[in-house]
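Asker: File final_2.tsv below, TSV, C-alpha atoms and all ligand atoms:
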chain	number	residue	atom	x	y	z
N	85	MET	CA	120.31	-10.08	3.46
N	86	VAL	CA	121.09	-13.14	1.41
N	87	VAL	CA	124.06	-15.34	2.23
N	88	SER	CA	125.46	-18.14	0.13
N	89	VAL	CA	125.65	-21.36	2.14
N	90	ASN	CA	127.06	-23.81	-0.40
N	91	GLU	CA	130.14	-24.46	1.77
N	92	ALA	CA	128.09	-25.09	4.91
N	93	LEU	CA	125.81	-27.56	3.09
N	94	ARG	CA	128.88	-29.75	2.49
N	95	ARG	CA	130.43	-29.24	5.92
N	96	VAL	CA	127.76	-30.32	8.38
N	97	GLY	CA	128.23	-29.09	11.94
N	98	GLU	CA	130.70	-26.38	11.03
N	99	SER	CA	129.92	-22.79	11.92
N	100	PHE	CA	130.29	-20.06	9.28
N	101	PRO	CA	130.37	-16.36	10.06
N	102	PHE	CA	128.51	-13.81	7.95
N	103	SER	CA	127.91	-10.12	7.97
N	104	TRP	CA	125.66	-7.84	6.00
N	105	GLU	CA	125.12	-4.10	5.89
N	106	GLY	CA	122.76	-2.17	3.64
N	107	LYS	CA	119.75	0.05	3.17
N	108	LEU	CA	116.48	-1.16	4.67
N	109	LYS	CA	113.25	-0.72	2.75
N	110	PRO	CA	110.31	0.93	4.56
N	111	GLN	CA	108.08	-1.65	6.26
N	112	ASN	CA	104.37	-1.66	7.00
N	113	TYR	CA	103.64	-2.52	10.57
N	114	ALA	CA	100.39	-2.19	12.55
N	115	GLY	CA	98.91	0.08	9.88
N	116	GLU	CA	101.89	2.42	9.79
N	117	THR	CA	104.96	2.72	7.63
N	118	VAL	CA	108.28	2.48	9.42
N	119	ALA	CA	111.08	4.27	7.55
N	120	PHE	CA	114.72	3.45	8.22
N	121	VAL	CA	117.71	5.78	8.44
N	122	GLY	CA	121.26	4.97	7.35
N	123	THR	CA	122.09	1.30	6.98
N	124	GLY	CA	120.88	-1.80	8.79
N	125	LYS	CA	123.41	-4.30	10.09
N	126	LEU	CA	123.23	-8.03	10.48
N	127	SER	CA	126.04	-10.37	11.44
N	128	GLY	CA	126.50	-13.69	13.14
N	129	ALA	CA	127.02	-17.32	12.24
N	130	TYR	CA	125.11	-20.17	10.66
N	131	VAL	CA	125.57	-23.90	10.98
N	132	TYR	CA	123.98	-26.77	9.06
N	133	ASP	CA	122.97	-29.92	10.95
N	134	GLY	CA	122.21	-31.96	7.85
N	135	LYS	CA	118.56	-30.91	7.85
N	136	THR	CA	118.19	-27.32	9.04
N	137	PHE	CA	120.31	-24.22	9.38
N	138	ARG	CA	120.62	-22.56	12.73
N	139	VAL	CA	121.36	-18.83	12.52
N	140	ASP	CA	122.59	-16.82	15.49
N	141	ALA	CA	122.54	-13.13	14.65
N	142	GLU	CA	123.14	-9.67	16.01
N	143	ALA	CA	121.29	-6.87	14.27
N	144	GLU	CA	120.93	-3.13	14.34
N	145	ALA	CA	118.54	-0.72	12.66
N	146	SER	CA	117.81	3.00	13.01
N	147	TYR	CA	114.29	4.18	12.27
N	148	GLU	CA	112.22	7.34	12.22
N	149	THR	CA	109.71	7.83	15.00
N	150	THR	CA	108.36	10.61	17.20
N	151	CYS	CA	108.90	11.42	20.85
N	152	ALA	CA	105.95	10.18	22.94
N	153	ARG	CA	106.21	13.23	25.20
N	154	CYS	CA	106.90	16.25	22.95
N	155	GLY	CA	105.95	14.81	19.55
N	156	LYS	CA	109.18	15.87	17.84
N	157	PRO	CA	110.48	13.66	15.01
N	158	MET	CA	113.45	11.59	16.14
N	159	VAL	CA	115.61	8.65	15.14
N	160	GLU	CA	115.78	5.60	17.38
N	161	THR	CA	118.49	2.94	17.03
N	162	LEU	CA	117.53	-0.57	18.01
N	163	ALA	CA	120.10	-3.31	18.56
N	164	PHE	CA	118.74	-6.83	18.88
N	165	SER	CA	119.78	-10.43	18.53
N	166	PHE	CA	117.98	-13.59	17.51
N	167	THR	CA	118.32	-17.28	16.80
N	168	GLU	CA	116.26	-18.73	13.96
N	169	HIS	CA	116.18	-21.96	11.99
N	170	PHE	CA	115.85	-22.40	8.25
N	171	VAL	CA	114.65	-25.45	6.39
N	172	ARG	CA	114.57	-26.19	2.66
N	173	SER	CA	111.23	-24.82	1.47
N	174	VAL	CA	109.95	-28.21	0.24
N	175	PHE	CA	110.23	-29.53	3.84
N	176	LYS	CA	108.54	-26.55	5.43
N	177	THR	CA	105.14	-27.23	7.00
N	178	GLU	CA	102.41	-24.75	7.90
N	179	ASP	CA	102.85	-24.97	11.65
N	180	ASP	CA	106.62	-25.14	12.12
N	181	GLU	CA	108.50	-22.02	13.16
N	182	LEU	CA	111.17	-22.41	10.51
N	183	TYR	CA	112.04	-20.02	7.72
N	184	PRO	CA	112.23	-21.51	4.25
N	185	TYR	CA	115.28	-21.37	2.00
N	186	GLU	CA	115.89	-22.44	-1.56
N	187	GLY	CA	118.98	-23.59	-3.40
N	188	GLU	CA	122.15	-22.59	-1.59
N	189	ARG	CA	121.00	-19.23	-0.30
N	190	LEU	CA	119.56	-18.13	3.03
N	191	ASP	CA	117.49	-14.98	2.80
N	192	MET	CA	117.40	-13.50	6.30
N	193	THR	CA	115.25	-10.47	5.46
N	194	GLU	CA	112.03	-11.88	6.92
N	195	ALA	CA	113.75	-13.14	10.09
N	196	PHE	CA	115.43	-9.74	10.49
N	197	PHE	CA	112.18	-7.75	10.31
N	198	ASP	CA	110.12	-10.24	12.34
N	199	ASN	CA	112.63	-9.88	15.17
N	200	PHE	CA	112.97	-6.14	14.69
N	201	PHE	CA	109.22	-5.64	15.22
N	202	LEU	CA	109.23	-8.01	18.21
N	203	GLU	CA	111.87	-5.81	19.83
N	204	MET	CA	110.61	-2.40	18.73
N	205	PRO	CA	109.46	-0.43	21.79
N	206	MET	CA	105.86	0.80	21.90
N	207	THR	CA	106.99	4.31	22.71
N	208	THR	CA	110.22	6.26	22.41
N	209	VAL	CA	111.33	9.52	24.01
N	210	CYS	CA	113.78	12.00	22.50
N	211	SER	CA	115.54	12.28	25.84
N	212	GLU	CA	114.99	10.78	29.30
N	213	THR	CA	114.66	14.35	30.56
N	214	CYS	CA	112.15	15.47	27.91
N	215	LYS	CA	109.50	17.52	29.73
N	216	GLY	CA	106.89	17.07	26.99
N	217	LEU	CA	104.07	19.43	26.11
N	218	CYS	CA	101.78	21.38	28.43
N	219	PRO	CA	98.46	19.49	28.47
N	220	VAL	CA	96.59	22.79	28.58
N	221	CYS	CA	98.20	25.06	25.96
N	222	GLY	CA	100.45	22.57	24.12
N	223	ALA	CA	103.64	24.60	24.69
N	224	ASP	CA	106.92	22.68	24.52
N	225	LEU	CA	108.00	22.68	28.17
N	226	ASN	CA	111.61	21.95	27.11
N	227	LEU	CA	111.72	25.55	25.89
N	228	GLY	CA	110.49	26.98	29.21
N	229	GLN	CA	107.47	27.11	31.48
N	230	CYS	CA	104.22	28.36	29.99
N	231	ASP	CA	101.77	30.57	31.85
N	232	CYS	CA	99.41	27.67	32.62
N	233	SER	CA	101.60	26.29	35.38
N	234	LYS	CA	101.83	29.70	37.04
N	235	ASN	CA	98.04	30.09	36.90
N	236	LYS	CA	97.61	26.58	38.26
N	237	THR	CA	99.82	27.41	41.23
N	238	ASP	CA	97.79	30.56	41.81
N	239	ALA	CA	94.56	28.55	41.67
N	240	ARG	CA	95.91	26.04	44.16
N	241	LEU	CA	97.08	28.75	46.51
N	242	SER	CA	93.70	30.51	46.48
N	243	ALA	CA	91.94	27.16	47.06
N	244	LEU	CA	94.21	26.58	50.03
N	245	GLY	CA	93.52	30.14	51.16
N	246	SER	CA	89.75	29.62	51.16
N	247	LEU	CA	90.20	26.26	52.87
N	248	LEU	CA	92.13	27.99	55.65
N	249	ASN	CA	89.43	30.62	55.88
N	250	ASP	CA	86.75	27.91	56.17
N	251	TYR	CA	88.78	26.27	58.92
N	252	LYS	CA	89.01	29.51	60.86
N	253	GLU	CA	85.28	30.05	60.66
N	254	VAL	CA	84.46	26.65	62.21
X	301	ZN	ZN	110.65	14.82	23.56
X	302	ZN	ZN	100.54	25.70	29.15
Output the file's structure in the form of structure tokens.
Answerer:
Amino acid sequence: MVVSVNEALRRVGESFPFSWEGKLKPQNYAGETVAFVGTGKLSGAYVYDGKTFRVDAEAEASYETTCARCGKPMVETLAFSFTEHFVRSVFKTEDDELYPYEGERLDMTEAFFDNFFLEMPMTTVCSETCKGLCPVCGADLNLGQCDCSKNKTDARLSALGSLLNDYKEV
């Protein structure tokens, strides 16, 4: 995700488009490894103001995850956008929110993944209608009802039955 910005450095205030597509390396995040599927995409424009670069970007990445309801492996595609600023690394300070660059190249890899993980949802589901697993026997309810739900209904009915009996006795 490196773009050459030698033109922009000479033409202050002018916006330059860029686009990148390629494989994404697995990333460690919150103690887990996130693996990507297919290619990641990044495109947008950058402009130099004489001191810093402003980058406006649209990005997309598909990654492996599991359904929060049924636990099946699945691929989620996340589209996101961001605006970040880059400053020559010698001018970068500890507490600014700028990304460093060197020479005439902007490496957007760090900005891409920082924003990806900001946008990544905590949980994903394979389908909005996924019924998940039975909490009692662990059966995949997408494949049909298990016996637990039938038994539960029976239990409820008999409880109601005894309740009615109690009521009659009073
Ligand atoms: Zn599911
Ligand atoms: Zn069950």
Asker: So the first atom is CA of Leu227 in chain N and the second is CA of Ser211 in chain N; what is the distance between them in Å, to one decimal place?
Answerer: 13.8 Å
Asker: Can you tell me which residues sit at most 8 Å away from ligand ZN 301 (chain X), counting all atoms listed in the file, written as an mmCIF file with C-alpha atoms, in the coordinates of the input?
Answerer:
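Below is the file that was written, part27.cif:
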data_model
loop_
_atom_site.group_PDB
_atom_site.id
_atom_site.type_symbol
_atom_site.label_atom_id
_atom_site.label_comp_id
_atom_site.auth_asym_id
_atom_site.auth_seq_id
_atom_site.Cartn_x
_atom_site.Cartn_y
_atom_site.Cartn_z
ATOM 1 C CA THR N 150 108.360 10.610 17.200
ATOM 2 C CA CYS N 151 108.900 11.420 20.850
ATOM 3 C CA ALA N 152 105.950 10.180 22.940
ATOM 4 C CA ARG N 153 106.210 13.230 25.200
ATOM 5 C CA CYS N 154 106.900 16.250 22.950
ATOM 6 C CA GLY N 155 105.950 14.810 19.550
ATOM 7 C CA LYS N 156 109.180 15.870 17.840
ATOM 8 C CA VAL N 209 111.330 9.520 24.010
ATOM 9 C CA CYS N 210 113.780 12.000 22.500
ATOM 10 C CA SER N 211 115.540 12.280 25.840
ATOM 11 C CA CYS N 214 112.150 15.470 27.910
ATOM 12 C CA LYS N 215 109.500 17.520 29.730
ATOM 13 C CA GLY N 216 106.890 17.070 26.990
#
Asker: Report as number ranges by chain all protein, DNA and RNA residues lying within 7 Å of range 101-108 of chain N, evaluated on all atoms listed in the file, omitting residues in the same chain fewer than 5 positions from it.
Answerer: N: 85, 120, 122-130
Asker: Please check which protein, DNA or RNA residues sit within 7 Å of ligand ZN 302 (chain X), counting only C-alpha atoms and all ligand atoms, and write them as a list in words.
Answerer: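 Protein and nucleic-acid residues within 7 Å of ligand ZN 302 (chain X): Cys218, Pro219, Val220, Cys221, Gly222, Ala223, Cys230, Asp231, Cys232 and Ser233 of chain N.
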Asker: Which distance in Å separates CA of Phe137 in chain N and CA of Leu202 in chain N, to one decimal?
Answerer: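 Distance reported for this atom pair: 21.5 Å.
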Asker: Give me, as a short mmCIF file (atom, residue, chain, number, x, y, z; two decimals) with C-alpha atoms, in the frame of the given file, all polymer residues having an atom no more than 12 Å from range 194-199 of chain N, counting only C-alpha atoms and skipping those fewer than 3 positions away in the same chain.
Answerer:
data_model
loop_
_atom_site.label_atom_id
_atom_site.label_comp_id
_atom_site.auth_asym_id
_atom_site.auth_seq_id
_atom_site.Cartn_x
_atom_site.Cartn_y
_atom_site.Cartn_z
CA MET N 85 120.31 -10.08 3.46
CA VAL N 86 121.09 -13.14 1.41
CA TRP N 104 125.66 -7.84 6.00
CA LEU N 108 116.48 -1.16 4.67
CA LYS N 109 113.25 -0.72 2.75
CA PRO N 110 110.31 0.93 4.56
CA GLN N 111 108.08 -1.65 6.26
CA ASN N 112 104.37 -1.66 7.00
CA TYR N 113 103.64 -2.52 10.57
CA VAL N 118 108.28 2.48 9.42
CA PHE N 120 114.72 3.45 8.22
CA GLY N 124 120.88 -1.80 8.79
CA LYS N 125 123.41 -4.30 10.09
CA LEU N 126 123.23 -8.03 10.48
CA SER N 127 126.04 -10.37 11.44
CA ARG N 138 120.62 -22.56 12.73
CA VAL N 139 121.36 -18.83 12.52
CA ASP N 140 122.59 -16.82 15.49
CA ALA N 141 122.54 -13.13 14.65
CA GLU N 142 123.14 -9.67 16.01
CA ALA N 143 121.29 -6.87 14.27
CA GLU N 144 120.93 -3.13 14.34
CA ALA N 145 118.54 -0.72 12.66
CA LEU N 162 117.53 -0.57 18.01
CA ALA N 163 120.10 -3.31 18.56
CA PHE N 164 118.74 -6.83 18.88
CA SER N 165 119.78 -10.43 18.53
CA PHE N 166 117.98 -13.59 17.51
CA THR N 167 118.32 -17.28 16.80
CA GLU N 168 116.26 -18.73 13.96
CA HIS N 169 116.18 -21.96 11.99
CA PHE N 170 115.85 -22.40 8.25
CA GLU N 181 108.50 -22.02 13.16
CA LEU N 182 111.17 -22.41 10.51
CA TYR N 183 112.04 -20.02 7.72
CA PRO N 184 112.23 -21.51 4.25
CA TYR N 185 115.28 -21.37 2.00
CA LEU N 190 119.56 -18.13 3.03
CA ASP N 191 117.49 -14.98 2.80
CA LEU N 202 109.23 -8.01 18.21
CA GLU N 203 111.87 -5.81 19.83
CA MET N 204 110.61 -2.40 18.73
CA PRO N 205 109.46 -0.43 21.79
#
